[in-house]
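Listing of target01.txt; format and content: compact mmCIF, C-alpha atoms.
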```txt
# COMPACT_ATOMS: atom_id res chain seq x y z
CA MET D 5 25.85 -3.77 15.65
CA GLU D 6 22.58 -2.83 17.39
CA VAL D 7 20.49 -3.97 14.47
CA LYS D 8 22.30 -7.30 14.45
CA ASP D 9 21.67 -7.66 18.17
CA LEU D 10 17.96 -7.12 17.60
CA MET D 11 17.87 -9.91 15.04
CA ALA D 12 19.26 -12.60 17.39
CA HIS D 13 20.49 -15.64 15.51
CA ARG D 14 18.03 -18.38 14.76
CA PRO D 15 19.15 -19.86 11.45
CA VAL D 16 16.48 -21.24 9.12
CA VAL D 17 17.52 -24.45 7.37
CA LEU D 18 16.02 -25.16 3.97
CA GLY D 19 15.74 -28.85 3.20
CA ARG D 20 16.00 -30.74 -0.08
CA TYR D 21 12.72 -29.53 -1.61
CA VAL D 22 13.12 -25.80 -1.04
CA ALA D 23 16.86 -26.01 -1.75
CA TYR D 24 16.04 -27.67 -5.08
CA TRP D 25 13.57 -24.88 -5.92
CA LEU D 26 16.07 -22.18 -5.04
CA ASN D 27 18.85 -23.88 -6.99
CA ARG D 28 16.86 -24.84 -10.07
CA SER D 29 13.75 -22.69 -10.21
CA PRO D 30 14.01 -19.98 -7.55
CA ARG D 31 10.81 -18.24 -8.63
CA ARG D 32 8.91 -21.32 -7.48
CA ALA D 33 9.60 -20.33 -3.86
CA LEU D 34 8.12 -16.90 -4.53
CA HIS D 35 4.98 -18.37 -6.11
CA SER D 36 4.46 -20.76 -3.22
CA MET D 37 4.80 -18.07 -0.57
CA SER D 38 2.44 -15.82 -2.52
CA TYR D 39 -0.24 -18.52 -2.60
CA TYR D 40 0.22 -19.11 1.13
CA LYS D 41 -0.16 -15.39 1.76
CA PHE D 42 -3.36 -15.38 -0.26
CA ALA D 43 -4.66 -18.30 1.82
CA ALA D 44 -3.76 -16.54 5.06
CA LYS D 45 -5.63 -13.41 4.00
CA MET D 46 -8.70 -15.45 3.07
CA ILE D 47 -8.66 -17.21 6.45
CA GLY D 48 -8.16 -14.14 8.63
CA SER D 49 -6.77 -13.86 12.16
CA SER D 50 -7.36 -15.89 15.35
CA LYS D 51 -7.93 -19.11 13.40
CA ARG D 52 -6.60 -22.67 13.68
CA VAL D 53 -5.32 -23.87 10.33
CA LEU D 54 -4.39 -27.33 9.08
CA ASP D 55 -1.79 -27.29 6.28
CA VAL D 56 -2.08 -30.56 4.39
CA GLY D 57 1.07 -31.44 2.45
CA CYS D 58 3.11 -28.81 4.28
CA GLY D 59 6.51 -30.00 3.01
CA GLU D 60 9.24 -28.20 4.92
CA GLY D 61 6.75 -25.87 6.56
CA LEU D 62 7.79 -22.47 5.19
CA GLY D 63 4.19 -21.77 4.20
CA THR D 64 2.89 -23.31 7.43
CA TRP D 65 4.90 -20.71 9.32
CA LEU D 66 3.35 -17.93 7.23
CA LEU D 67 -0.11 -19.30 8.13
CA ALA D 68 0.85 -19.56 11.81
CA ALA D 69 2.19 -16.01 11.93
CA GLU D 70 -0.77 -14.47 10.04
CA CYS D 71 -3.69 -16.60 11.26
CA GLY D 72 -2.68 -17.48 14.83
CA TYR D 73 -2.03 -21.23 14.78
CA ALA D 74 -1.10 -23.72 12.09
CA ARG D 75 -0.41 -27.43 12.09
CA GLY D 76 1.53 -28.83 9.16
CA LEU D 77 1.01 -32.34 7.93
CA ASP D 78 3.14 -34.28 5.47
CA PHE D 79 3.92 -37.94 5.00
CA ASP D 80 7.50 -37.04 4.03
CA GLN D 81 9.27 -37.64 7.36
CA GLN D 82 12.45 -35.86 6.31
CA SER D 83 10.54 -32.66 5.42
CA ILE D 84 8.78 -32.72 8.77
CA GLU D 85 12.12 -33.02 10.57
CA THR D 86 13.41 -30.00 8.63
CA ALA D 87 10.25 -28.10 9.56
CA ARG D 88 10.47 -29.00 13.25
CA GLY D 89 14.10 -27.92 13.36
CA ASN D 90 13.22 -24.41 12.19
CA TRP D 91 10.37 -23.38 14.46
CA ASP D 92 10.09 -23.63 18.19
CA ASP D 93 6.94 -21.61 18.73
CA PRO D 94 3.56 -22.31 20.37
CA ARG D 95 1.78 -21.13 17.20
CA ILE D 96 3.09 -23.96 15.04
CA ALA D 97 3.24 -27.75 15.10
CA PHE D 98 3.97 -30.50 12.59
CA GLY D 99 3.06 -34.13 12.14
CA SER D 100 3.73 -36.85 9.58
CA GLU D 101 0.29 -38.45 9.49
CA ASN D 102 -1.14 -39.70 6.21
CA PHE D 103 -4.07 -37.34 5.61
CA LEU D 104 -6.11 -39.99 3.80
CA GLU D 105 -5.92 -42.35 6.77
CA THR D 106 -6.13 -40.06 9.80
CA ASP D 107 -8.90 -38.29 11.66
CA MET D 108 -7.41 -34.84 12.12
CA GLY D 109 -10.09 -33.34 14.40
CA THR D 110 -11.88 -30.05 13.67
CA TRP D 111 -10.27 -26.93 12.20
CA ASP D 112 -11.23 -23.37 11.21
CA ALA D 113 -9.42 -23.73 7.91
CA LEU D 114 -7.64 -26.27 5.77
CA VAL D 115 -4.97 -25.32 3.27
CA SER D 116 -3.68 -27.77 0.70
CA PHE D 117 -1.30 -26.65 -2.03
CA ASP D 118 0.17 -29.03 -4.60
CA VAL D 119 -1.39 -32.12 -3.07
CA VAL D 120 -4.58 -33.06 -4.89
CA GLU D 121 -2.79 -33.55 -8.24
CA HIS D 122 -0.75 -36.34 -6.59
CA ILE D 123 -3.78 -38.23 -5.25
CA GLN D 124 -4.45 -41.52 -7.00
CA PRO D 125 -7.79 -41.50 -8.82
CA ALA D 126 -9.18 -44.20 -6.50
CA ASN D 127 -8.49 -41.94 -3.48
CA VAL D 128 -9.79 -38.64 -4.83
CA ALA D 129 -13.20 -38.99 -3.17
CA ALA D 130 -11.51 -39.87 0.14
CA PHE D 131 -9.32 -36.77 -0.15
CA TRP D 132 -12.35 -34.49 -0.50
CA GLU D 133 -14.27 -36.29 2.24
CA ARG D 134 -11.36 -35.89 4.66
CA THR D 135 -11.03 -32.25 3.65
CA ALA D 136 -14.65 -31.47 4.49
CA ALA D 137 -14.69 -33.73 7.57
CA CYS D 138 -11.93 -31.88 9.41
CA LEU D 139 -13.60 -28.44 9.08
CA ALA D 140 -15.98 -26.71 11.48
CA HIS D 141 -19.41 -25.74 10.09
CA ASP D 142 -18.03 -22.30 9.22
CA GLY D 143 -14.59 -23.60 8.22
CA VAL D 144 -12.84 -22.62 5.00
CA ALA D 145 -10.97 -24.92 2.60
CA ILE D 146 -8.30 -23.53 0.29
CA VAL D 147 -7.10 -26.01 -2.30
CA GLY D 148 -4.46 -25.06 -4.87
CA THR D 149 -3.13 -27.15 -7.75
CA PRO D 150 -1.44 -26.58 -11.12
CA ASN D 151 -3.83 -26.06 -14.01
CA ILE D 152 -3.94 -29.01 -16.41
CA THR D 153 -3.54 -26.46 -19.22
CA SER D 154 -0.02 -25.68 -17.93
CA THR D 155 1.12 -29.32 -18.26
CA PRO D 156 3.10 -28.82 -21.50
CA TYR D 157 5.34 -26.35 -19.66
CA ALA D 158 5.98 -28.48 -16.54
CA SER D 159 9.52 -29.76 -15.86
CA PRO D 160 10.03 -33.55 -15.82
CA ILE D 161 10.39 -33.62 -12.03
CA ALA D 162 7.26 -31.55 -11.56
CA HIS D 163 5.44 -33.76 -13.99
CA LEU D 164 6.31 -36.97 -12.14
CA GLY D 165 3.59 -38.20 -9.85
CA ARG D 166 0.92 -35.78 -11.01
CA SER D 167 -1.65 -38.36 -11.94
CA ASN D 168 -4.68 -36.25 -11.06
CA LEU D 169 -4.40 -32.86 -12.74
CA TYR D 170 -7.34 -30.46 -12.71
CA SER D 171 -8.94 -27.95 -15.01
CA GLY D 172 -10.64 -24.99 -13.34
CA GLU D 173 -14.00 -26.47 -14.23
CA ARG D 174 -13.27 -29.85 -12.66
CA LEU D 175 -11.82 -28.30 -9.50
CA GLU D 176 -14.90 -26.13 -9.07
CA THR D 177 -17.24 -29.06 -9.74
CA GLU D 178 -15.54 -31.33 -7.18
CA MET D 179 -15.34 -28.57 -4.56
CA ARG D 180 -19.04 -27.86 -5.03
CA ARG D 181 -19.89 -31.42 -4.11
CA TYR D 182 -18.58 -30.69 -0.62
CA PHE D 183 -19.05 -26.93 -0.23
CA GLU D 184 -22.08 -24.72 -0.82
CA HIS D 185 -19.90 -21.73 -1.74
CA VAL D 186 -16.85 -22.02 -3.97
CA PHE D 187 -14.77 -19.05 -5.13
CA MET D 188 -12.29 -19.72 -7.92
CA PHE D 189 -9.02 -17.82 -8.29
CA ALA D 190 -6.20 -18.01 -10.79
CA GLY D 191 -2.47 -17.82 -10.12
CA ASN D 192 0.03 -16.67 -12.74
CA ASP D 193 3.43 -16.56 -11.11
CA GLU D 194 2.98 -14.69 -7.83
CA VAL D 195 -0.16 -12.83 -8.93
CA VAL D 196 -3.49 -14.16 -7.74
CA HIS D 197 -6.43 -12.89 -9.77
CA THR D 198 -9.88 -13.72 -11.12
CA GLY D 199 -9.04 -13.85 -14.83
CA TYR D 200 -9.94 -16.43 -17.49
CA LEU D 201 -9.19 -19.79 -15.88
CA PRO D 202 -7.89 -21.79 -18.90
CA MET D 203 -4.96 -19.35 -19.08
CA ALA D 204 -4.20 -19.60 -15.35
CA HIS D 205 -0.95 -21.39 -14.57
CA TYR D 206 -2.27 -22.36 -11.14
CA LEU D 207 -5.74 -22.78 -9.67
CA ILE D 208 -6.84 -21.84 -6.15
CA SER D 209 -10.34 -22.63 -4.96
CA VAL D 210 -11.82 -21.32 -1.73
CA GLY D 211 -14.75 -23.30 -0.35
CA CYS D 212 -16.92 -22.68 2.66
CA ARG D 213 -20.24 -23.72 4.20
CA LYS D 214 -19.61 -27.42 3.89
CA ARG D 215 -22.57 -29.50 2.82
CA GLY D 216 -24.24 -32.24 4.76
CA MET W 139 -9.00 -14.05 -55.51
CA SER W 140 -5.52 -14.97 -54.31
CA PRO W 141 -4.66 -14.01 -50.69
CA GLY W 142 -2.43 -11.24 -51.95
CA ASN W 143 -5.41 -9.52 -53.52
CA ILE W 144 -7.51 -9.12 -50.35
CA ARG W 145 -7.96 -5.45 -49.62
CA GLU W 146 -7.56 -4.57 -45.94
CA GLN W 147 -10.60 -2.34 -46.06
CA ASP W 148 -12.81 -5.09 -47.52
CA LEU W 149 -11.68 -7.44 -44.79
CA TRP W 150 -12.37 -4.83 -42.14
CA GLU W 151 -15.85 -4.20 -43.51
CA GLN W 152 -16.61 -7.90 -43.03
CA VAL W 153 -15.66 -7.40 -39.38
CA THR W 154 -17.82 -4.33 -38.96
CA ARG W 155 -20.84 -6.11 -40.47
CA MET W 156 -20.57 -8.64 -37.64
CA LEU W 157 -20.78 -5.88 -35.02
CA GLY W 158 -24.40 -4.92 -35.65
CA ASN W 159 -25.36 -1.31 -35.09
CA GLY W 160 -25.49 -0.77 -31.35
CA ARG W 161 -25.46 2.63 -29.71
CA ILE W 162 -25.02 3.58 -26.06
CA VAL W 163 -25.48 7.11 -24.75
CA LEU W 164 -23.96 7.47 -21.31
CA GLY W 165 -25.93 9.44 -18.75
CA GLN W 166 -24.81 12.59 -16.97
CA HIS W 167 -22.77 10.91 -14.25
CA TRP W 168 -20.73 8.60 -16.46
CA SER W 169 -20.34 11.14 -19.23
CA TYR W 170 -18.84 13.48 -16.63
CA ASN W 171 -16.50 10.75 -15.39
CA VAL W 172 -15.35 9.80 -18.88
CA HIS W 173 -14.66 13.44 -19.71
CA ASN W 174 -12.90 14.29 -16.46
CA ASP W 175 -11.29 11.11 -15.14
CA PRO W 176 -11.49 8.35 -17.73
CA LYS W 177 -9.37 5.92 -15.74
CA ARG W 178 -12.21 5.71 -13.25
CA LEU W 179 -14.06 3.68 -15.89
CA ALA W 180 -11.32 1.05 -15.64
CA PHE W 181 -11.48 0.95 -11.83
CA VAL W 182 -15.26 0.65 -11.71
CA LEU W 183 -15.48 -2.00 -14.43
CA SER W 184 -12.80 -3.98 -12.60
CA ARG W 185 -14.86 -3.90 -9.39
CA TYR W 186 -17.86 -5.19 -11.31
CA LYS W 187 -15.82 -7.94 -12.93
CA PHE W 188 -14.59 -9.07 -9.54
CA ALA W 189 -18.14 -9.11 -8.14
CA ALA W 190 -19.33 -11.03 -11.22
CA LYS W 191 -16.58 -13.65 -10.78
CA MET W 192 -17.33 -14.05 -7.08
CA ALA W 193 -21.08 -14.12 -7.06
CA CYS W 194 -23.02 -13.88 -10.30
CA LYS W 195 -22.74 -16.98 -12.54
CA GLY W 196 -26.13 -18.66 -12.86
CA ARG W 197 -27.55 -16.58 -10.01
CA ARG W 198 -30.34 -14.07 -9.38
CA VAL W 199 -28.47 -10.82 -8.82
CA LEU W 200 -29.60 -7.64 -7.09
CA GLU W 201 -27.52 -4.47 -7.32
CA LEU W 202 -28.23 -1.88 -4.65
CA GLY W 203 -27.24 1.52 -6.05
CA CYS W 204 -26.96 0.68 -9.74
CA SER W 205 -26.77 4.29 -10.96
CA GLU W 206 -26.70 4.29 -14.79
CA GLY W 207 -26.48 0.50 -14.93
CA LEU W 208 -22.88 0.38 -16.04
CA GLY W 209 -22.46 -2.78 -13.97
CA ALA W 210 -25.50 -4.49 -15.48
CA PRO W 211 -23.80 -5.90 -18.59
CA ILE W 212 -20.96 -7.44 -16.55
CA LEU W 213 -23.03 -8.59 -13.58
CA SER W 214 -25.74 -10.07 -15.82
CA GLU W 215 -23.44 -11.62 -18.45
CA PHE W 216 -23.50 -15.08 -16.88
CA ALA W 217 -26.28 -14.46 -14.36
CA ASP W 218 -29.75 -15.93 -14.39
CA ARG W 219 -31.21 -12.45 -14.02
CA TYR W 220 -30.34 -9.00 -12.72
CA THR W 221 -32.24 -6.29 -10.88
CA GLY W 222 -30.74 -2.85 -10.31
CA ILE W 223 -32.22 -0.19 -8.03
CA ASP W 224 -31.21 3.42 -7.52
CA LEU W 225 -32.65 6.61 -6.04
CA ASP W 226 -31.52 8.69 -9.00
CA SER W 227 -34.35 8.54 -11.55
CA GLU W 228 -32.31 10.17 -14.35
CA ALA W 229 -29.52 7.63 -13.87
CA VAL W 230 -32.00 4.76 -13.96
CA ALA W 231 -33.56 6.21 -17.13
CA ALA W 232 -30.12 5.99 -18.77
CA ALA W 233 -29.79 2.41 -17.53
CA VAL W 234 -33.17 1.43 -18.98
CA ALA W 235 -32.34 3.07 -22.32
CA ASN W 236 -28.94 1.43 -22.62
CA TRP W 237 -29.32 -2.07 -21.23
CA GLN W 238 -32.39 -3.57 -22.81
CA ASP W 239 -32.15 -7.20 -21.89
CA ASP W 240 -35.04 -9.46 -20.87
CA ARG W 241 -33.01 -10.64 -17.91
CA CYS W 242 -32.34 -7.10 -16.63
CA THR W 243 -34.76 -5.02 -14.59
CA PHE W 244 -34.22 -1.52 -13.23
CA VAL W 245 -36.15 0.08 -10.39
CA VAL W 246 -36.23 3.72 -9.25
CA GLY W 247 -36.44 4.22 -5.51
CA ASP W 248 -34.97 4.00 -2.05
CA PHE W 249 -33.96 0.40 -1.40
CA LEU W 250 -33.51 0.86 2.37
CA GLY W 251 -35.98 -1.43 4.09
CA ARG W 252 -37.52 -2.52 0.81
CA GLN W 253 -38.31 -6.09 -0.21
CA LEU W 254 -37.43 -6.45 -3.90
CA GLY W 255 -37.61 -10.22 -4.05
CA THR W 256 -35.35 -13.08 -3.06
CA PHE W 257 -31.89 -13.04 -4.60
CA ASP W 258 -28.87 -15.34 -4.68
CA SER W 259 -26.42 -12.45 -4.79
CA ILE W 260 -26.42 -8.82 -3.75
CA VAL W 261 -23.80 -6.43 -5.07
CA SER W 262 -23.44 -2.90 -3.74
CA LEU W 263 -20.48 -0.78 -4.79
CA ASP W 264 -19.85 2.80 -3.70
CA VAL W 265 -23.06 2.97 -1.74
CA ILE W 266 -22.50 2.25 1.95
CA GLU W 267 -20.19 5.25 2.37
CA HIS W 268 -23.14 7.46 1.42
CA ILE W 269 -25.51 5.95 4.00
CA ASP W 270 -26.04 7.96 7.18
CA PRO W 271 -24.41 5.91 9.99
CA ALA W 272 -27.76 5.92 11.83
CA ARG W 273 -29.31 4.09 8.86
CA GLU W 274 -26.44 1.61 8.42
CA PRO W 275 -28.26 -1.17 10.36
CA LEU W 276 -31.18 -0.73 7.96
CA PHE W 277 -28.79 -1.19 5.02
CA PHE W 278 -27.71 -4.58 6.37
CA ASP W 279 -31.31 -5.50 7.29
CA THR W 280 -32.20 -4.82 3.66
CA ILE W 281 -29.43 -7.15 2.50
CA ARG W 282 -30.57 -9.83 4.93
CA GLN W 283 -34.21 -9.62 3.88
CA ASN W 284 -33.51 -9.73 0.12
CA LEU W 285 -30.83 -12.44 0.21
CA ASP W 286 -31.65 -16.14 0.04
CA THR W 287 -30.23 -18.27 2.88
CA ASP W 288 -27.38 -19.45 0.64
CA GLY W 289 -26.79 -16.00 -0.83
CA ILE W 290 -23.51 -14.16 -1.42
CA CYS W 291 -23.02 -10.44 -0.85
CA VAL W 292 -20.28 -8.26 -2.34
CA ILE W 293 -19.78 -4.79 -0.81
CA GLY W 294 -17.27 -2.28 -2.16
CA THR W 295 -16.36 1.07 -0.66
CA PRO W 296 -13.40 3.49 -0.62
CA ASN W 297 -10.94 2.88 2.19
CA LEU W 298 -11.10 5.42 5.01
CA THR W 299 -7.33 5.78 4.65
CA SER W 300 -7.77 7.12 1.10
CA ALA W 301 -10.08 9.95 2.21
CA PRO W 302 -7.34 12.65 2.20
CA TYR W 303 -6.89 12.09 -1.55
CA ALA W 304 -10.60 12.17 -2.44
CA SER W 305 -12.10 15.05 -4.44
CA ALA W 306 -14.08 17.71 -2.59
CA ALA W 307 -17.30 16.35 -4.10
CA SER W 308 -16.50 12.83 -2.91
CA GLN W 309 -15.58 14.02 0.55
CA GLN W 310 -18.89 15.88 0.78
CA GLY W 311 -20.91 12.74 0.03
CA HIS W 312 -18.90 10.23 2.05
CA VAL W 313 -20.55 10.30 5.45
CA ASN W 314 -19.80 6.72 6.46
CA LEU W 315 -16.32 5.62 5.44
CA PHE W 316 -14.89 2.26 6.49
CA ASP W 317 -11.48 0.88 7.17
CA ALA W 318 -10.89 -2.83 6.56
CA GLY W 319 -11.40 -3.78 10.20
CA ARG W 320 -14.80 -2.13 10.50
CA LEU W 321 -15.97 -3.46 7.11
CA ARG W 322 -15.03 -6.98 8.20
CA ARG W 323 -16.80 -6.55 11.57
CA VAL W 324 -20.09 -5.30 10.12
CA MET W 325 -20.09 -8.04 7.48
CA GLU W 326 -19.31 -10.69 10.11
CA GLN W 327 -22.44 -9.64 11.96
CA VAL W 328 -24.46 -10.87 8.98
CA PHE W 329 -22.28 -13.67 7.55
CA HIS W 330 -20.31 -16.57 9.03
CA ASN W 331 -17.70 -16.27 6.27
CA VAL W 332 -16.24 -12.94 5.12
CA PHE W 333 -13.40 -12.59 2.61
CA LEU W 334 -11.74 -9.19 2.39
CA PHE W 335 -9.87 -7.81 -0.62
CA GLY W 336 -8.12 -4.56 -1.37
CA MET W 337 -7.96 -2.64 -4.62
CA ASN W 338 -5.47 -0.14 -5.95
CA ASP W 339 -6.69 1.25 -9.22
CA GLU W 340 -8.00 -1.72 -11.24
CA VAL W 341 -5.97 -4.36 -9.40
CA VAL W 342 -7.73 -6.53 -6.81
CA HIS W 343 -5.38 -8.07 -4.25
CA THR W 344 -4.98 -9.23 -0.67
CA GLY W 345 -2.20 -6.84 0.35
CA PHE W 346 -1.79 -4.71 3.49
CA SER W 347 -5.24 -3.22 3.85
CA PRO W 348 -4.42 0.29 5.20
CA MET W 349 -2.67 1.00 1.88
CA ALA W 350 -5.55 -0.27 -0.27
CA HIS W 351 -7.36 2.58 -2.00
CA TYR W 352 -10.62 0.64 -2.09
CA LEU W 353 -12.07 -2.26 -0.10
CA LEU W 354 -14.17 -5.20 -1.23
CA ALA W 355 -15.83 -7.64 1.15
CA VAL W 356 -17.43 -10.91 0.08
CA GLY W 357 -19.86 -12.37 2.62
CA CYS W 358 -21.57 -15.75 2.52
CA TYR W 359 -23.19 -18.33 4.81
CA ARG W 360 -25.70 -15.87 6.25
CA ARG W 361 -26.21 -16.15 9.99
CA LYS W 362 -29.66 -17.20 11.18
CA ASP W 363 -29.68 -14.22 13.50
CA PRO W 364 -27.39 -11.21 13.19
CA LEU W 365 -24.70 -10.99 15.87
```
Translate this file's structure into structure tokens.
Amino acid sequence: MEVKDLMAHRPVVLGRYVAYWLNRSPRRALHSMSYYKFAAKMIGSSKRVLDVGCGEGLGTWLLAAECGYARGLDFDQQSIETARGNWDDPRIAFGSENFLETDMGTWDALVSFDVVEHIQPANVAAFWERTAACLAHDGVAIVGTPNITSTPYASPIAHLGRSNLYSGERLETEMRRYFEHVFMFAGNDEVVHTGYLPMAHYLISVGCRKRG
Amino acid sequence: MSPGNIREQDLWEQVTRMLGNGRIVLGQHWSYNVHNDPKRLAFVLSRYKFAAKMACKGRRVLELGCSEGLGAPILSEFADRYTGIDLDSEAVAAAVANWQDDRCTFVVGDFLGRQLGTFDSIVSLDVIEHIDPAREPLFFDTIRQNLDTDGICVIGTPNLTSAPYASAASQQGHVNLFDAGRLRRVMEQVFHNVFLFGMNDEVVHTGFSPMAHYLLAVGCYRRKDPL
């Protein structure tokens, strides 16, 4: 009884994306939270973080709790409403701006998981320019995306809309256009490592010291 | 000859002919480790691989405290060139004998306060815990003076929290142990961006740092003036 009292009751509602993961491919939720944890550890504490393509905000909350403040951004209005319904806390906020069209101000870190592979080729340069533009001089960008070498194993729904898939080499090359320092990591399931990139299921690049 | 007639030994001899005839004689320190605690070889090579992935491809690399040069083949594999320095002249002699590569240079001597050139990356593993705390500022001055403005630095050291499990010999030599918080703070005095990792055995991760056996810090974007 006492333990239950300590827990209060603030139910978390999972919306259609996370519910789909948990119903169809529950490990996907684990992988996503692991990559967010990695990002949080790279960013450190007492930082303001922008989470681009935050979906329902589960990862945004991890960033907020670990780093100090996080603002989630997603053009999917329904996901943002799910996110807002779950957290009433000064460390977290959400918005439904379109990242490619909005000046987001200046941040200590930007996190973007599973976004860049959905960017239309004509907008890829704009995506990177916006990424660099919203960071402070010592800001850190963490961009994660499925490896193009994992495409044969992707489910039809995951495959849909991924018109801009990356190899490790291409991700590093494009990050280096905007950042002096780029550190490449590999994700296989929930494990983040520095192994041979063509065999990585997922790619995570960490960039800092933006150019220009 | 039909495939069924290939003798396994003939096939294997073709493989061995491709190997050349290399020979490496480990020095005193690493021979001792291999005899007494061979898994340490895995841990140390894993630290070097991590440093190589973070900081060495296409770069001029300096290793402070290279000992017998066991890190040289990994750190230099994709590097532009590699320089290793160590106080221990016998260890460096083993390094010179074993790693004969035009891109690798080994130096005997005390690196503290010494200008060895200008480097894109500095790697120093299992060194800072042996530096007298009074000389620690000189250690970081040495990094600053040898590192190019866009350089990257990788420092590895045992976690203070693992000290109770260290051997008597290790405990004797470790006069300046760090926890993750202090390692981050000293690195942030030199670099705008510091990324901290933990290691348990050969696995590098970003887990709860007090339970990491070993700590690795990657620093970049050197400050114009130290904090």
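If all atoms listed in the file are the atoms counted, then among D:His197, D:Arg166, D:Lys214, D:His185 the closest residue to Gly289 (chain W) is D:His185.
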At most 12 Å is the cut-off: for each residue in chain W with any atom that close to an atom of chain D, write down the nearest atom pair and the distance in Å rounded to one decimal, counting only C-alpha atoms, chain first then increasing number, as CSV.
```
residue,atom,partner,partner_atom,distance
W:Ser184,CA,D:Thr198,CA,10.3
W:Arg185,CA,D:Thr198,CA,11.1
W:Tyr186,CA,D:Thr198,CA,11.7
W:Lys187,CA,D:Thr198,CA,8.5
W:Phe188,CA,D:Thr198,CA,6.8
W:Ala189,CA,D:Thr198,CA,9.9
W:Ala190,CA,D:Thr198,CA,9.8
W:Lys191,CA,D:Thr198,CA,6.7
W:Met192,CA,D:Phe187,CA,5.9
W:Ala193,CA,D:Phe187,CA,8.2
W:Cys194,CA,D:Phe187,CA,11.0
W:Lys195,CA,D:Phe187,CA,11.1
W:Asp258,CA,D:His185,CA,11.4
W:Ser259,CA,D:His185,CA,11.7
W:Thr287,CA,D:Glu184,CA,11.0
W:Asp288,CA,D:Glu184,CA,7.6
W:Gly289,CA,D:His185,CA,9.0
W:Ile290,CA,D:His185,CA,8.4
W:Cys291,CA,D:His185,CA,11.7
W:Ala318,CA,D:Gly48,CA,11.8
W:Gly319,CA,D:Gly48,CA,11.0
W:Arg322,CA,D:Gly48,CA,9.9
W:Arg323,CA,D:Gly48,CA,11.9
W:Glu326,CA,D:Asp142,CA,11.7
W:Phe329,CA,D:Asp142,CA,9.8
W:His330,CA,D:Asp142,CA,6.2
W:Asn331,CA,D:Asp142,CA,6.7
W:Val332,CA,D:Met46,CA,8.2
W:Phe333,CA,D:Met46,CA,5.5
W:Leu334,CA,D:Met46,CA,7.0
W:Phe335,CA,D:Lys45,CA,8.4
W:Gly336,CA,D:Lys45,CA,10.6
W:Met337,CA,D:His197,CA,11.6
W:Glu340,CA,D:His197,CA,11.4
W:Val341,CA,D:His197,CA,8.6
W:Val342,CA,D:His197,CA,7.1
W:His343,CA,D:Val196,CA,7.3
W:Thr344,CA,D:Lys45,CA,6.3
W:Gly345,CA,D:Lys45,CA,8.3
W:Phe346,CA,D:Lys45,CA,9.5
W:Ser347,CA,D:Lys45,CA,10.2
W:Ala355,CA,D:Met46,CA,10.7
W:Val356,CA,D:Phe187,CA,10.0
W:Gly357,CA,D:His185,CA,10.3
W:Cys358,CA,D:His185,CA,7.5
W:Tyr359,CA,D:Arg213,CA,6.2
W:Arg360,CA,D:Arg213,CA,9.8
W:Arg361,CA,D:Asp142,CA,10.3
```
_Could you check which residues have any atom within 12 Å of (10.8, -28.5, 8.2), counting all atoms listed in the file with coordinates taken straight from the file, and then list them as a ChimeraX atom specification?_
/D:16-23,57-65,75-78,80-92,96-100
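Taking CA of Val265 (chain W) and CA of Ile281 (chain W) as endpoints, the distance between them is 12.7 Å.
Note that CA of Leu365 (chain W) and CA of Val328 (chain W) are 6.9 Å apart.
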*asked:* Applying 12 Å and only C-alpha atoms, which residues near Leu207 (chain D) remain after dropping the ones on its own chain fewer than 2 positions away? List them as a ChimeraX atom specification.
replied: /D:39,116-118,120-121,146-154,169-176,187-193,195-205,209-210
*Enter the distance from CA of Ile161 (chain D) to CA of Asp55 (chain D), in Å, rounded to one decimal.*
22.9 Å
Supply region 45-53 of chain D as a PDB file, keeping the file's coordinate frame, with N, CA and C atoms built in where the input has gaps.
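out39.pdb, freshly written:
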```
ATOM      1  N   LYS D  45      -4.729 -14.569   4.040  1.00  0.00           N
ATOM      2  CA  LYS D  45      -5.630 -13.410   4.000  1.00  0.00           C
ATOM      3  C   LYS D  45      -7.086 -13.848   3.890  1.00  0.00           C
ATOM      4  N   MET D  46      -7.334 -14.949   3.174  1.00  0.00           N
ATOM      5  CA  MET D  46      -8.700 -15.450   3.070  1.00  0.00           C
ATOM      6  C   MET D  46      -9.200 -15.979   4.414  1.00  0.00           C
ATOM      7  N   ILE D  47      -8.290 -16.565   5.185  1.00  0.00           N
ATOM      8  CA  ILE D  47      -8.660 -17.210   6.450  1.00  0.00           C
ATOM      9  C   ILE D  47      -8.883 -16.177   7.549  1.00  0.00           C
ATOM     10  N   GLY D  48      -8.029 -15.167   7.600  1.00  0.00           N
ATOM     11  CA  GLY D  48      -8.160 -14.140   8.630  1.00  0.00           C
ATOM     12  C   GLY D  48      -7.377 -14.494   9.894  1.00  0.00           C
ATOM     13  N   SER D  49      -7.583 -13.691  10.945  1.00  0.00           N
ATOM     14  CA  SER D  49      -6.770 -13.860  12.160  1.00  0.00           C
ATOM     15  C   SER D  49      -7.534 -14.649  13.221  1.00  0.00           C
ATOM     16  N   SER D  50      -6.802 -15.086  14.243  1.00  0.00           N
ATOM     17  CA  SER D  50      -7.360 -15.890  15.350  1.00  0.00           C
ATOM     18  C   SER D  50      -8.047 -17.150  14.848  1.00  0.00           C
ATOM     19  N   LYS D  51      -7.379 -17.861  13.959  1.00  0.00           N
ATOM     20  CA  LYS D  51      -7.930 -19.110  13.400  1.00  0.00           C
ATOM     21  C   LYS D  51      -6.923 -20.235  13.570  1.00  0.00           C
ATOM     22  N   ARG D  52      -7.436 -21.460  13.636  1.00  0.00           N
ATOM     23  CA  ARG D  52      -6.600 -22.670  13.680  1.00  0.00           C
ATOM     24  C   ARG D  52      -6.617 -23.309  12.299  1.00  0.00           C
ATOM     25  N   VAL D  53      -5.439 -23.467  11.736  1.00  0.00           N
ATOM     26  CA  VAL D  53      -5.320 -23.870  10.330  1.00  0.00           C
ATOM     27  C   VAL D  53      -4.560 -25.180  10.206  1.00  0.00           C
TER      28      VAL D  53
END
```
